[in-house]
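query_39.cif (mmCIF, C-alpha atoms and all ligand atoms; chains and numbers go by the auth columns)
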```
data_structure
#
loop_
_atom_site.group_PDB
_atom_site.id
_atom_site.type_symbol
_atom_site.label_atom_id
_atom_site.label_comp_id
_atom_site.label_asym_id
_atom_site.label_seq_id
_atom_site.Cartn_x
_atom_site.Cartn_y
_atom_site.Cartn_z
_atom_site.B_iso_or_equiv
_atom_site.auth_seq_id
_atom_site.auth_asym_id
ATOM 1 C CA MET A 1 66.225 141.399 82.747 0.00 14 A
ATOM 2 C CA LEU A 2 65.694 137.662 82.629 0.00 15 A
ATOM 3 C CA ALA A 3 65.928 137.693 78.867 0.00 16 A
ATOM 4 C CA SER A 4 69.144 139.671 78.943 0.00 17 A
ATOM 5 C CA ARG A 5 70.654 137.345 81.583 0.00 18 A
ATOM 6 C CA ARG A 6 69.643 134.384 79.465 0.00 19 A
ATOM 7 C CA GLY A 7 71.199 136.113 76.493 0.00 20 A
ATOM 8 C CA PHE A 8 74.394 136.762 78.399 0.00 21 A
ATOM 9 C CA VAL A 9 74.635 133.198 79.679 0.00 22 A
ATOM 10 C CA GLY A 10 73.770 131.847 76.274 0.00 23 A
ATOM 11 C CA GLY A 11 76.448 134.014 74.725 0.00 24 A
ATOM 12 C CA SER A 12 79.039 132.869 77.259 0.00 25 A
ATOM 13 C CA LEU A 13 78.170 129.259 76.743 0.00 26 A
ATOM 14 C CA GLY A 14 78.314 129.787 73.013 0.00 27 A
ATOM 15 C CA SER A 15 81.791 131.277 73.283 0.00 28 A
ATOM 16 C CA LEU A 16 82.977 128.420 75.476 0.00 29 A
ATOM 17 C CA MET A 17 81.464 125.877 73.114 0.00 30 A
ATOM 18 C CA ALA A 18 83.137 127.642 70.229 0.00 31 A
ATOM 19 C CA PHE A 19 86.506 127.171 71.852 0.00 32 A
ATOM 20 C CA GLY A 20 85.694 123.592 72.852 0.00 33 A
ATOM 21 C CA LEU A 21 86.318 124.560 76.473 0.00 34 A
ATOM 22 C CA LEU A 22 82.954 123.664 77.892 0.00 35 A
ATOM 23 C CA GLU A 23 83.035 120.239 76.332 0.00 36 A
ATOM 24 C CA SER A 24 86.504 119.446 77.678 0.00 37 A
ATOM 25 C CA LEU A 25 85.747 120.853 81.132 0.00 38 A
ATOM 26 C CA TRP A 26 82.518 118.893 81.300 0.00 39 A
ATOM 27 C CA SER A 27 84.240 115.661 80.193 0.00 40 A
ATOM 28 C CA ARG A 28 86.933 116.116 82.791 0.00 41 A
ATOM 29 C CA GLU A 29 84.340 116.708 85.508 0.00 42 A
ATOM 30 C CA LEU A 30 82.489 113.571 84.474 0.00 43 A
ATOM 31 C CA LEU A 31 85.665 111.536 84.374 0.00 44 A
ATOM 32 C CA ALA A 32 86.736 112.785 87.769 0.00 45 A
ATOM 33 C CA ALA A 33 83.356 112.042 89.295 0.00 46 A
ATOM 34 C CA GLY A 34 83.194 108.621 87.651 0.00 47 A
ATOM 35 C CA GLY A 35 86.745 107.841 88.727 0.00 48 A
ATOM 36 C CA ARG A 36 85.965 108.611 92.313 0.00 49 A
ATOM 37 C CA ALA A 37 82.817 106.542 92.129 0.00 50 A
ATOM 38 C CA ARG A 38 84.552 103.444 90.761 0.00 51 A
ATOM 39 C CA LEU A 39 88.051 103.676 92.186 0.00 52 A
ATOM 40 C CA GLY A 40 86.808 104.339 95.716 0.00 53 A
ATOM 41 C CA PRO A 41 85.106 100.926 96.069 0.00 54 A
ATOM 42 C CA TRP A 42 88.029 99.240 94.282 0.00 55 A
ATOM 43 C CA PHE A 43 90.558 100.618 96.760 0.00 56 A
ATOM 44 C CA ALA A 44 88.177 99.921 99.644 0.00 57 A
ATOM 45 C CA GLU A 45 88.048 96.267 98.566 0.00 58 A
ATOM 46 C CA LEU A 46 91.834 96.157 98.404 0.00 59 A
ATOM 47 C CA GLY A 47 91.904 97.649 101.899 0.00 60 A
ATOM 48 C CA ALA A 48 89.530 94.935 103.153 0.00 61 A
ATOM 49 C CA ARG A 49 91.685 92.136 101.673 0.00 62 A
ATOM 50 C CA THR A 50 94.789 93.801 103.170 0.00 63 A
ATOM 51 C CA ARG A 51 93.224 93.764 106.630 0.00 64 A
ATOM 52 C CA GLU A 52 92.351 90.082 106.153 0.00 65 A
ATOM 53 C CA LEU A 53 95.987 89.389 105.255 0.00 66 A
ATOM 54 C CA ARG A 54 97.283 91.249 108.281 0.00 67 A
ATOM 55 C CA GLY A 55 94.624 89.604 110.477 0.00 68 A
ATOM 56 C CA ARG A 56 95.639 86.105 109.290 0.00 69 A
ATOM 57 C CA GLN A 57 92.238 85.435 107.739 0.00 70 A
ATOM 58 C CA LEU A 58 94.063 85.092 104.417 0.00 71 A
ATOM 59 C CA ARG A 59 97.410 83.368 103.839 0.00 72 A
ATOM 60 C CA ASP A 60 99.806 85.349 101.682 0.00 73 A
ATOM 61 C CA VAL A 61 99.241 83.177 98.602 0.00 74 A
ATOM 62 C CA GLU A 62 95.459 83.554 99.038 0.00 75 A
ATOM 63 C CA PHE A 63 95.846 87.328 99.292 0.00 76 A
ATOM 64 C CA GLN A 64 98.050 87.140 96.209 0.00 77 A
ATOM 65 C CA GLU A 65 95.245 85.427 94.259 0.00 78 A
ATOM 66 C CA ARG A 66 92.744 88.078 95.275 0.00 79 A
ATOM 67 C CA LEU A 67 95.163 90.906 94.543 0.00 80 A
ATOM 68 C CA GLY A 68 95.753 89.485 91.060 0.00 81 A
ATOM 69 C CA ALA A 69 91.996 89.326 90.422 0.00 82 A
ATOM 70 C CA LEU A 70 91.539 92.894 91.696 0.00 83 A
ATOM 71 C CA LEU A 71 94.332 94.248 89.523 0.00 84 A
ATOM 72 C CA GLY A 72 92.742 92.481 86.560 0.00 85 A
ATOM 73 C CA ARG A 73 89.593 94.575 86.863 0.00 86 A
ATOM 74 C CA VAL A 74 90.873 97.993 87.880 0.00 87 A
ATOM 75 C CA ASP A 75 89.672 100.739 85.529 0.00 88 A
ATOM 76 C CA LEU A 76 92.886 101.867 83.841 0.00 89 A
ATOM 77 C CA ALA A 77 91.434 105.079 82.409 0.00 90 A
ATOM 78 C CA GLU A 78 90.287 106.211 85.823 0.00 91 A
ATOM 79 C CA LEU A 79 93.572 105.224 87.446 0.00 92 A
ATOM 80 C CA GLU A 80 95.437 107.207 84.814 0.00 93 A
ATOM 81 C CA GLU A 81 93.389 110.293 85.728 0.00 94 A
ATOM 82 C CA LEU A 82 95.344 110.367 88.998 0.00 95 A
ATOM 83 C CA ILE A 83 98.723 110.553 87.291 0.00 96 A
ATOM 84 C CA ASP A 84 100.341 113.565 85.633 0.00 97 A
ATOM 85 C CA PHE A 85 102.062 111.711 82.788 0.00 98 A
ATOM 86 C CA ASP A 86 103.459 114.933 81.293 0.00 99 A
ATOM 87 C CA ALA A 87 105.300 115.675 84.528 0.00 100 A
ATOM 88 C CA VAL A 88 106.579 112.080 84.721 0.00 101 A
ATOM 89 C CA ASP A 89 107.735 112.259 81.095 0.00 102 A
ATOM 90 C CA ARG A 90 109.661 115.456 81.819 0.00 103 A
ATOM 91 C CA ARG A 91 111.458 113.696 84.676 0.00 104 A
ATOM 92 C CA LEU A 92 112.078 110.605 82.515 0.00 105 A
ATOM 93 C CA GLY A 93 113.633 112.753 79.819 0.00 106 A
ATOM 94 C CA ALA A 94 115.986 114.638 82.150 0.00 107 A
ATOM 95 C CA PRO A 95 119.701 113.981 81.612 0.00 108 A
ATOM 96 C CA GLY A 96 120.891 110.915 83.487 0.00 109 A
ATOM 97 C CA ARG A 97 117.348 109.701 84.179 0.00 110 A
ATOM 98 C CA GLY A 98 115.307 107.162 82.241 0.00 111 A
ATOM 99 C CA ARG A 99 113.664 105.626 85.274 0.00 112 A
ATOM 100 C CA VAL A 100 111.210 107.280 87.672 0.00 113 A
ATOM 101 C CA THR A 101 109.557 105.956 90.809 0.00 114 A
ATOM 102 C CA GLN A 102 107.027 108.019 92.707 0.00 115 A
ATOM 103 C CA ASP A 103 104.173 107.573 95.126 0.00 116 A
ATOM 104 C CA VAL A 104 100.695 108.020 93.664 0.00 117 A
ATOM 105 C CA ASP A 105 98.545 110.566 95.479 0.00 118 A
ATOM 106 C CA LEU A 106 95.128 109.015 96.140 0.00 119 A
ATOM 107 C CA ARG A 107 93.708 111.835 98.254 0.00 120 A
ATOM 108 C CA ALA A 108 91.216 112.676 95.489 0.00 121 A
ATOM 109 C CA VAL A 109 89.638 109.245 95.898 0.00 122 A
ATOM 110 C CA PRO A 110 87.291 109.210 98.909 0.00 123 A
ATOM 111 C CA GLY A 111 87.564 106.351 101.367 0.00 124 A
ATOM 112 C CA VAL A 112 90.980 105.095 100.276 0.00 125 A
ATOM 113 C CA PRO A 113 92.894 103.393 103.107 0.00 126 A
ATOM 114 C CA THR A 114 96.035 105.171 104.273 0.00 127 A
ATOM 115 C CA ALA A 115 99.492 104.472 102.868 0.00 128 A
ATOM 116 C CA THR A 116 100.337 102.637 106.099 0.00 129 A
ATOM 117 C CA GLU A 117 97.827 99.927 105.081 0.00 130 A
ATOM 118 C CA PHE A 118 99.239 99.567 101.585 0.00 131 A
ATOM 119 C CA GLY A 119 101.669 101.608 99.519 0.00 132 A
ATOM 120 C CA ARG A 120 100.845 102.828 96.030 0.00 133 A
ATOM 121 C CA ARG A 121 103.527 103.728 93.534 0.00 134 A
ATOM 122 C CA LEU A 122 104.172 104.496 89.894 0.00 135 A
ATOM 123 C CA PHE A 123 107.180 103.025 88.081 0.00 136 A
ATOM 124 C CA ALA A 124 108.126 104.539 84.730 0.00 137 A
ATOM 125 C CA CYS A 125 111.006 103.553 82.461 0.00 138 A
ATOM 126 C CA ARG A 126 112.304 104.432 79.047 0.00 139 A
ATOM 127 C CA SER A 127 113.005 101.598 76.622 0.00 140 A
ATOM 128 C CA GLY A 128 115.618 99.150 77.890 0.00 141 A
ATOM 129 C CA ARG A 129 115.611 100.509 81.433 0.00 142 A
ATOM 130 C CA ALA A 130 114.432 98.234 84.202 0.00 143 A
ATOM 131 C CA ILE A 131 112.907 97.585 87.533 0.00 144 A
ATOM 132 C CA VAL A 132 115.962 95.548 88.479 0.00 145 A
ATOM 133 C CA PRO A 133 115.795 91.917 89.651 0.00 146 A
ATOM 134 C CA HIS A 134 114.873 91.800 93.327 0.00 147 A
ATOM 135 C CA GLY A 135 112.968 89.734 95.836 0.00 148 A
ATOM 136 C CA HIS A 136 110.918 90.803 98.817 0.00 149 A
ATOM 137 C CA HIS A 137 110.868 89.895 102.467 0.00 150 A
ATOM 138 C CA ASP A 138 107.632 90.148 104.456 0.00 151 A
ATOM 139 C CA MET A 139 105.915 91.945 101.601 0.00 152 A
ATOM 140 C CA CYS A 140 103.114 91.235 99.118 0.00 153 A
ATOM 141 C CA THR A 141 103.041 93.377 96.007 0.00 154 A
ATOM 142 C CA GLY A 142 101.193 93.605 92.722 0.00 155 A
ATOM 143 C CA PHE A 143 101.670 95.411 89.434 0.00 156 A
ATOM 144 C CA VAL A 144 99.363 96.401 86.627 0.00 157 A
ATOM 145 C CA VAL A 145 100.704 97.897 83.389 0.00 158 A
ATOM 146 C CA LEU A 146 99.233 101.327 82.636 0.00 159 A
ATOM 147 C CA ARG A 147 100.934 102.135 79.343 0.00 160 A
ATOM 148 C CA GLY A 148 103.578 100.580 77.100 0.00 161 A
ATOM 149 C CA ARG A 149 104.952 97.052 77.273 0.00 162 A
ATOM 150 C CA TRP A 150 107.353 95.333 79.638 0.00 163 A
ATOM 151 C CA ARG A 151 109.222 92.057 79.583 0.00 164 A
ATOM 152 C CA GLY A 152 108.436 90.645 83.008 0.00 165 A
ATOM 153 C CA ARG A 153 110.227 87.773 84.705 0.00 166 A
ATOM 154 C CA HIS A 154 109.394 86.153 88.042 0.00 167 A
ATOM 155 C CA TYR A 155 111.157 83.491 90.093 0.00 168 A
ATOM 156 C CA ASP A 156 110.258 81.456 93.145 0.00 169 A
ATOM 157 C CA ARG A 157 112.905 82.138 95.771 0.00 170 A
ATOM 158 C CA GLY A 158 114.123 79.012 97.556 0.00 171 A
ATOM 159 C CA GLU A 159 117.066 78.500 99.874 0.00 172 A
ATOM 160 C CA THR A 160 118.452 81.916 100.778 0.00 173 A
ATOM 161 C CA THR A 161 121.827 82.505 102.398 0.00 174 A
ATOM 162 C CA ARG A 162 123.666 85.727 103.177 0.00 175 A
ATOM 163 C CA GLU A 163 125.280 85.679 99.747 0.00 176 A
ATOM 164 C CA HIS A 164 123.067 83.634 97.423 0.00 177 A
ATOM 165 C CA CYS A 165 119.548 82.460 96.833 0.00 178 A
ATOM 166 C CA VAL A 166 118.091 79.717 94.678 0.00 179 A
ATOM 167 C CA LEU A 167 115.759 81.073 92.009 0.00 180 A
ATOM 168 C CA GLN A 168 113.339 78.910 90.049 0.00 181 A
ATOM 169 C CA PRO A 169 112.039 80.726 86.943 0.00 182 A
ATOM 170 C CA THR A 170 108.216 80.863 86.928 0.00 183 A
ATOM 171 C CA ILE A 171 107.149 83.639 84.512 0.00 184 A
ATOM 172 C CA ASP A 172 108.842 85.175 81.475 0.00 185 A
ATOM 173 C CA ARG A 173 106.631 87.037 79.025 0.00 186 A
ATOM 174 C CA SER A 174 105.614 90.399 77.656 0.00 187 A
ATOM 175 C CA PHE A 175 103.053 92.420 79.635 0.00 188 A
ATOM 176 C CA GLY A 176 100.801 95.067 78.063 0.00 189 A
ATOM 177 C CA PRO A 177 98.212 97.504 79.439 0.00 190 A
ATOM 178 C CA GLY A 178 95.854 95.913 81.929 0.00 191 A
ATOM 179 C CA GLU A 179 98.110 92.916 82.537 0.00 192 A
ATOM 180 C CA GLY A 180 99.872 92.430 85.815 0.00 193 A
ATOM 181 C CA SER A 181 101.576 90.107 88.241 0.00 194 A
ATOM 182 C CA THR A 182 101.889 89.605 91.989 0.00 195 A
ATOM 183 C CA ILE A 183 104.433 88.623 94.633 0.00 196 A
ATOM 184 C CA SER A 184 104.355 87.085 98.077 0.00 197 A
ATOM 185 C CA ASP A 185 106.935 85.486 100.310 0.00 198 A
ATOM 186 C CA HIS A 186 105.807 82.058 99.131 0.00 199 A
ATOM 187 C CA ARG A 187 105.193 82.462 95.388 0.00 200 A
ATOM 188 C CA ASP A 188 106.876 84.328 92.527 0.00 201 A
ATOM 189 C CA ASN A 189 108.891 86.254 95.126 0.00 202 A
ATOM 190 C CA VAL A 190 111.499 87.729 92.763 0.00 203 A
ATOM 191 C CA HIS A 191 110.643 89.930 89.794 0.00 204 A
ATOM 192 C CA TRP A 192 112.436 91.856 87.060 0.00 205 A
ATOM 193 C CA PHE A 193 110.696 94.130 84.529 0.00 206 A
ATOM 194 C CA VAL A 194 112.392 95.700 81.502 0.00 207 A
ATOM 195 C CA ALA A 195 110.630 98.395 79.427 0.00 208 A
ATOM 196 C CA GLU A 196 110.078 97.261 75.827 0.00 209 A
ATOM 197 C CA THR A 197 108.520 100.472 74.466 0.00 210 A
ATOM 198 C CA ASP A 198 109.810 104.074 74.280 0.00 211 A
ATOM 199 C CA THR A 199 108.166 104.681 77.640 0.00 212 A
ATOM 200 C CA ALA A 200 106.388 102.205 79.897 0.00 213 A
ATOM 201 C CA TYR A 201 104.453 102.692 83.138 0.00 214 A
ATOM 202 C CA LEU A 202 103.376 100.362 85.944 0.00 215 A
ATOM 203 C CA PHE A 203 101.090 100.977 88.901 0.00 216 A
ATOM 204 C CA ASN A 204 102.116 99.106 92.028 0.00 217 A
ATOM 205 C CA VAL A 205 100.508 98.405 95.389 0.00 218 A
ATOM 206 C CA HIS A 206 102.444 96.797 98.220 0.00 219 A
ATOM 207 C CA VAL A 207 101.650 95.512 101.691 0.00 220 A
ATOM 208 C CA ALA A 208 104.706 95.445 103.919 0.00 221 A
ATOM 209 C CA GLY A 209 105.104 93.839 107.339 0.00 222 A
ATOM 210 C CA TYR A 210 102.134 91.507 107.078 0.00 223 A
ATOM 211 C CA ASP A 211 103.610 88.528 108.950 0.00 224 A
ATOM 212 C CA PRO A 212 105.589 89.081 112.196 0.00 225 A
ATOM 213 C CA GLU A 213 106.583 85.406 112.174 0.00 226 A
ATOM 214 C CA LEU A 214 108.800 85.992 109.128 0.00 227 A
ATOM 215 C CA GLY A 215 111.111 88.065 111.368 0.00 228 A
ATOM 216 C CA GLY A 216 113.384 90.919 110.382 0.00 229 A
ATOM 217 C CA ALA A 217 112.403 94.131 108.666 0.00 230 A
ATOM 218 C CA PRO A 218 110.314 94.077 105.489 0.00 231 A
ATOM 219 C CA GLY A 219 112.262 95.003 102.408 0.00 232 A
ATOM 220 C CA ARG A 220 113.909 94.195 99.092 0.00 233 A
ATOM 221 C CA MET A 221 116.848 91.926 98.321 0.00 234 A
ATOM 222 C CA TYR A 222 118.706 92.435 95.064 0.00 235 A
ATOM 223 C CA VAL A 223 119.828 89.367 93.135 0.00 236 A
ATOM 224 C CA ASP A 224 121.691 88.468 89.958 0.00 237 A
ATOM 225 C CA PRO A 225 119.699 85.968 87.854 0.00 238 A
ATOM 226 C CA ALA A 226 122.808 85.434 85.686 0.00 239 A
ATOM 227 C CA GLY A 227 124.145 82.958 88.229 0.00 240 A
ATOM 228 C CA GLU A 228 125.057 79.289 87.818 0.00 241 A
ATOM 229 C CA VAL A 229 122.219 77.174 86.422 0.00 242 A
ATOM 230 C CA LEU A 230 121.520 74.153 88.622 0.00 243 A
ATOM 231 C CA ALA A 231 119.806 70.866 87.875 0.00 244 A
ATOM 232 C CA GLY A 232 116.135 71.402 87.023 0.00 245 A
ATOM 233 C CA GLY A 233 116.729 74.899 85.684 0.00 246 A
ATOM 234 C CA ALA A 234 117.089 76.629 89.039 0.00 247 A
ATOM 235 C CA ILE A 235 119.656 79.434 89.356 0.00 248 A
ATOM 236 C CA TRP A 236 122.238 79.853 92.115 0.00 249 A
ATOM 237 C CA ALA A 237 121.886 83.639 92.161 0.00 250 A
ATOM 238 C CA PRO A 238 124.390 85.876 93.927 0.00 251 A
ATOM 239 C CA ARG A 239 122.840 88.557 96.130 0.00 252 A
ATOM 240 C CA MET A 240 123.832 92.093 95.202 0.00 253 A
ATOM 241 C CA SER A 241 123.821 95.574 96.664 0.00 254 A
ATOM 242 C CA SER A 242 121.186 97.922 95.244 0.00 255 A
ATOM 243 C CA ALA A 243 123.935 99.993 93.623 0.00 256 A
ATOM 244 C CA ALA A 244 125.563 96.981 91.961 0.00 257 A
ATOM 245 C CA CYS A 245 122.214 95.635 90.748 0.00 258 A
ATOM 246 C CA HIS A 246 121.158 98.998 89.295 0.00 259 A
ATOM 247 C CA ALA A 247 124.562 99.410 87.663 0.00 260 A
ATOM 248 C CA LYS A 248 124.255 96.024 85.962 0.00 261 A
ATOM 249 C CA TYR A 249 120.534 95.848 85.201 0.00 262 A
ATOM 250 C CA GLY A 250 119.008 99.319 85.710 0.00 263 A
HETATM 251 FE FE FE B . 109.331 94.525 93.789 0.00 301 A
#
```

Show how you would write the structure in this file as structure tokens.
Ligand SMILES: [Fe+2]
Amino acid sequence: MLASRRGFVGGSLGSLMAFGLLESLWSRELLAAGGRARLGPWFAELGARTRELRGRQLRDVEFQERLGALLGRVDLAELEELIDFDAVDRRLGAPGRGRVTQDVDLRAVPGVPTATEFGRRLFACRSGRAIVPHGHHDMCTGFVVLRGRWRGRHYDRGETTREHCVLQPTIDRSFGPGEGSTISDHRDNVHWFVAETDTAYLFNVHVAGYDPELGGAPGRMYVDPAGEVLAGGAIWAPRMSSAACHAKYG
């Protein structure tokens, strides 16, 4: 009985091995388990820093430093396990698309703070398409490149009126996998990322509404960096509607 059971199990395993199924299933299980083990503490640490930001134990630029360091050591392979790239690619390839934004589901990672503490999002673009130039109000955000390359530009946002803002260029370079950048209300507040490869993907986290003293609702403001260049290289950038900015730069 035992021998025949062993024979049956051995035969089944042999068949699975023959088809390569067992190996791939086992690898996926290991990856999933490892991902949960490593990503859980990573997101928990991000949650702790977020609470320090909201609790005023960290200024926004200090949080920004820590967020940059965290993004620099996230395990990309494990993060990618959470994303169905085939499904994203199908959406990217649909007529009239070329740019996809979607929330990333972190429910498979135990202990991850809720989306009300910090948002988590995937941005995907085909070559030449962009995350259009925009600044943020009452929001800290950070990006890390998952796949592909992007040309990324950042600006410090100075004087801001209803119709313009002064932008001082701070970053302009190519970003590849594992590289990222951050934003706060007081440093590198405006960003603009253009996909340089056939497809390119970014993972984003954002903390909105962290400082009641800033007033008003947290959100984006769209700007046109092709404004008049002022003394010292600053730009007198017209503010734009989302539709106008996406039409020109998207
Ligand atoms: Fe942004």

Go through chain A and flag each residue having an atom no more than 9 Å from ligand FE 301 (chain A); for those, report the closest pair of atoms plus their distance in Å to one decimal, using only C-alpha atoms and all ligand atoms, ordered by chain and rising number, as JSON lines.
```
{"residue": "A:Ile144", "atom": "CA", "partner": "A:FE301", "partner_atom": "FE", "distance": 7.8}
{"residue": "A:Val145", "atom": "CA", "partner": "A:FE301", "partner_atom": "FE", "distance": 8.6}
{"residue": "A:Pro146", "atom": "CA", "partner": "A:FE301", "partner_atom": "FE", "distance": 8.1}
{"residue": "A:His147", "atom": "CA", "partner": "A:FE301", "partner_atom": "FE", "distance": 6.2}
{"residue": "A:Gly148", "atom": "CA", "partner": "A:FE301", "partner_atom": "FE", "distance": 6.4}
{"residue": "A:His149", "atom": "CA", "partner": "A:FE301", "partner_atom": "FE", "distance": 6.5}
{"residue": "A:Met152", "atom": "CA", "partner": "A:FE301", "partner_atom": "FE", "distance": 8.9}
{"residue": "A:Cys153", "atom": "CA", "partner": "A:FE301", "partner_atom": "FE", "distance": 8.8}
{"residue": "A:Thr154", "atom": "CA", "partner": "A:FE301", "partner_atom": "FE", "distance": 6.8}
{"residue": "A:Gly155", "atom": "CA", "partner": "A:FE301", "partner_atom": "FE", "distance": 8.3}
{"residue": "A:Phe156", "atom": "CA", "partner": "A:FE301", "partner_atom": "FE", "distance": 8.9}
{"residue": "A:Ile196", "atom": "CA", "partner": "A:FE301", "partner_atom": "FE", "distance": 7.7}
{"residue": "A:Asn202", "atom": "CA", "partner": "A:FE301", "partner_atom": "FE", "distance": 8.4}
{"residue": "A:Val203", "atom": "CA", "partner": "A:FE301", "partner_atom": "FE", "distance": 7.2}
{"residue": "A:His204", "atom": "CA", "partner": "A:FE301", "partner_atom": "FE", "distance": 6.2}
{"residue": "A:Trp205", "atom": "CA", "partner": "A:FE301", "partner_atom": "FE", "distance": 7.9}
{"residue": "A:Asn217", "atom": "CA", "partner": "A:FE301", "partner_atom": "FE", "distance": 8.7}
{"residue": "A:His219", "atom": "CA", "partner": "A:FE301", "partner_atom": "FE", "distance": 8.5}
{"residue": "A:Arg233", "atom": "CA", "partner": "A:FE301", "partner_atom": "FE", "distance": 7.0}
```

Those residues you just picked out, can you put them in a file as an mmCIF file, keeping the file's coordinate frame with C-alpha atoms?
```
data_model
loop_
_atom_site.group_PDB
_atom_site.id
_atom_site.type_symbol
_atom_site.label_atom_id
_atom_site.label_comp_id
_atom_site.auth_asym_id
_atom_site.auth_seq_id
_atom_site.Cartn_x
_atom_site.Cartn_y
_atom_site.Cartn_z
ATOM 1 C CA ILE A 144 112.907 97.585 87.533
ATOM 2 C CA VAL A 145 115.962 95.548 88.479
ATOM 3 C CA PRO A 146 115.795 91.917 89.651
ATOM 4 C CA HIS A 147 114.873 91.800 93.327
ATOM 5 C CA GLY A 148 112.968 89.734 95.836
ATOM 6 C CA HIS A 149 110.918 90.803 98.817
ATOM 7 C CA MET A 152 105.915 91.945 101.601
ATOM 8 C CA CYS A 153 103.114 91.235 99.118
ATOM 9 C CA THR A 154 103.041 93.377 96.007
ATOM 10 C CA GLY A 155 101.193 93.605 92.722
ATOM 11 C CA PHE A 156 101.670 95.411 89.434
ATOM 12 C CA ILE A 196 104.433 88.623 94.633
ATOM 13 C CA ASN A 202 108.891 86.254 95.126
ATOM 14 C CA VAL A 203 111.499 87.729 92.763
ATOM 15 C CA HIS A 204 110.643 89.930 89.794
ATOM 16 C CA TRP A 205 112.436 91.856 87.060
ATOM 17 C CA ASN A 217 102.116 99.106 92.028
ATOM 18 C CA HIS A 219 102.444 96.797 98.220
ATOM 19 C CA ARG A 233 113.909 94.195 99.092
#
```

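Nearest residue to Gly245 in chain A, choosing from A:Gly232, A:Val122, A:Val179, A:Phe216 and counting all atoms listed in the file: A:Val179.
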
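Across the structure, CA of Ile184 in chain A and CA of Tyr223 in chain A are spaced 24.4 Å apart.
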
(message) Evaluate the PyMOL selection byres (((chain A and resi 158-165) around 6) and not hetatm) against this structure - the residues, as a ChimeraX atom specification, please.
(response) /A:157,166,185-192,205-210,213-215

(request) Would you list the contacts of range 85-87 of chain A as a VMD selection string, taking every protein, DNA or RNA residue within 10 Å and counting only C-alpha atoms, but skipping same-chain residues closer than 4 positions in sequence? (result) chain A and resid 51 to 52 55 to 56 79 to 81 91 to 92 156 to 157 191 to 194

(message) Taking only C-alpha atoms into account, name the residue in A:Arg252, A:Arg134, A:His259, A:Arg62 that is nearest to Thr173 in chain A.
(response) A:Arg252

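From CA of Arg175 in chain A back to CA of Val74 in chain A, the distance works out to 25.0 Å.
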
(message) Here is a test: counting all atoms listed in the file, which residue of A:Gly109, A:Asp102, A:Val220, A:Asp88 is nearest to Gly53 in chain A?
(response) A:Asp88

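Between CA of Gly141 in chain A and CA of Cys258 in chain A the separation is 14.9 Å.
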
(message) I want to know what sits within 9 Å of Arg133 in chain A, based on all atoms listed in the file, with residues of the same chain fewer than 2 positions away left out; could you give that as a ChimeraX atom specification?
(response) /A:115-119,128,131,135,216-219

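Picked out by the PyMOL selection byres (((chain A and resi 104-106) around 12) and not hetatm) when it runs on this file: Asp97, Phe98, Asp99, Ala100, Val101, Asp102, Arg103, Ala107, Pro108, Gly109, Arg110, Gly111, Arg112, Val113, Thr114, Gln115, Phe136, Ala137, Cys138, Arg139, Ser140, Arg142, Asp211, Thr212, Ala213 and Tyr214 of chain A.
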
(request) Give the answer as one residue: which of A:Pro123, A:Thr174, A:Asp198, A:Gln181 has the shortest atom-to-atom distance to Glu226 in chain A, using only C-alpha atoms? (result) A:Asp198
